[in-house]
Amino acid sequence: MKMTVQQWMNSPEDPDVFKPFHPQGDIVVGLVRFDSEQDMFRIYMGAEYLGTYDMEADRILSGGGFLDFLLQVHSKEWVTGQHIKDLMDCVTCWVYRDHGKFPQKFFDVAGGMNRGLDEPGNV
């Protein structure tokens, strides 16, 4: 059974449940592709693939780098809520597949809403 990224994240481990990504190669979620050969995220402007906004994966390996990327993407006039959702889903799949953790653990921000500004792990 194939699930959405959110269904997969919230389901117990089950050999009959397929992860929403392949064990290697590109990861495609809607309008976003993680290009494994280029090690880059590509956000397509639309279904017609008229253009992309690209970000090298190694630039988002910290919580601050990822937040900066999100804010840059958000500032583009053509970006929709669907672009942001697809980006978040694609990053979630990539982080889990290539680094073995879900994003909140990988970026060390789990429970961040409950931390004070002077506590470790805050961006």
# chains A, B, ... in the order shown; residues from 1 in each chain; ligands from 1
>>> select_by_dssp(residues="chain A", states="helix (DSSP H, G or I)", output="MDAnalysis selection string")
chainID A and resid 5:9 57:60 63:74 81:99 103:106 112:114
>>> residues_around(residues="segment 82-96 of chain A", least_positions_apart="6", cutoff="7 Å", atoms="only C-alpha atoms", output="VMD selection string")
chain A and resid 5 21 27 to 32 34 102 to 103
>>> closest_residue(among="A:Asp39, A:Trp78, A:Asp108, A:Gly51", to="Gly63 of chain A", atoms="only C-alpha atoms")
A:Asp108
>>> select_by_dssp(residues="chain A", states="strand (DSSP E)", output="compact mmCIF listing (two decimals) with N, CA and C atoms, in the first residue's frame")
# COMPACT_ATOMS: atom_id res chain seq x y z
N ILE A 27 13.80 11.78 -5.81
CA ILE A 27 12.56 11.77 -5.04
C ILE A 27 11.68 12.84 -5.66
N VAL A 28 10.47 12.46 -6.07
CA VAL A 28 9.55 13.40 -6.70
C VAL A 28 8.28 13.47 -5.87
N VAL A 29 7.96 14.69 -5.45
CA VAL A 29 6.71 14.93 -4.71
C VAL A 29 6.05 16.14 -5.36
N VAL A 32 8.01 19.27 -6.73
CA VAL A 32 9.38 19.32 -6.21
C VAL A 32 10.08 18.00 -6.49
N ARG A 33 11.33 18.12 -6.91
CA ARG A 33 12.15 16.94 -7.18
C ARG A 33 13.49 17.10 -6.46
N PHE A 34 13.88 16.04 -5.76
CA PHE A 34 15.26 15.98 -5.29
C PHE A 34 16.03 15.25 -6.37
N ASP A 35 16.93 15.96 -7.02
CA ASP A 35 17.76 15.42 -8.10
C ASP A 35 18.98 14.79 -7.46
N MET A 40 20.47 18.12 -5.43
CA MET A 40 19.81 19.42 -5.47
C MET A 40 18.30 19.26 -5.44
N PHE A 41 17.65 20.19 -4.74
CA PHE A 41 16.19 20.27 -4.78
C PHE A 41 15.79 21.22 -5.90
N ARG A 42 14.80 20.82 -6.68
CA ARG A 42 14.29 21.64 -7.77
C ARG A 42 12.79 21.85 -7.55
N ILE A 43 12.41 23.10 -7.43
CA ILE A 43 11.00 23.44 -7.27
C ILE A 43 10.52 23.97 -8.62
N TYR A 44 9.59 23.24 -9.22
CA TYR A 44 9.08 23.63 -10.54
C TYR A 44 8.00 24.69 -10.39
N THR A 52 12.63 26.40 -12.86
CA THR A 52 12.79 25.86 -11.51
C THR A 52 13.53 26.84 -10.62
N TYR A 53 13.32 26.66 -9.33
CA TYR A 53 14.13 27.33 -8.32
C TYR A 53 14.91 26.21 -7.66
N ASP A 54 16.23 26.29 -7.71
CA ASP A 54 17.08 25.19 -7.28
C ASP A 54 17.86 25.54 -6.01
N MET A 55 18.08 24.52 -5.18
CA MET A 55 18.88 24.69 -3.98
C MET A 55 19.69 23.41 -3.77
N GLU A 56 21.00 23.57 -3.61
CA GLU A 56 21.86 22.43 -3.34
C GLU A 56 21.55 21.88 -1.95
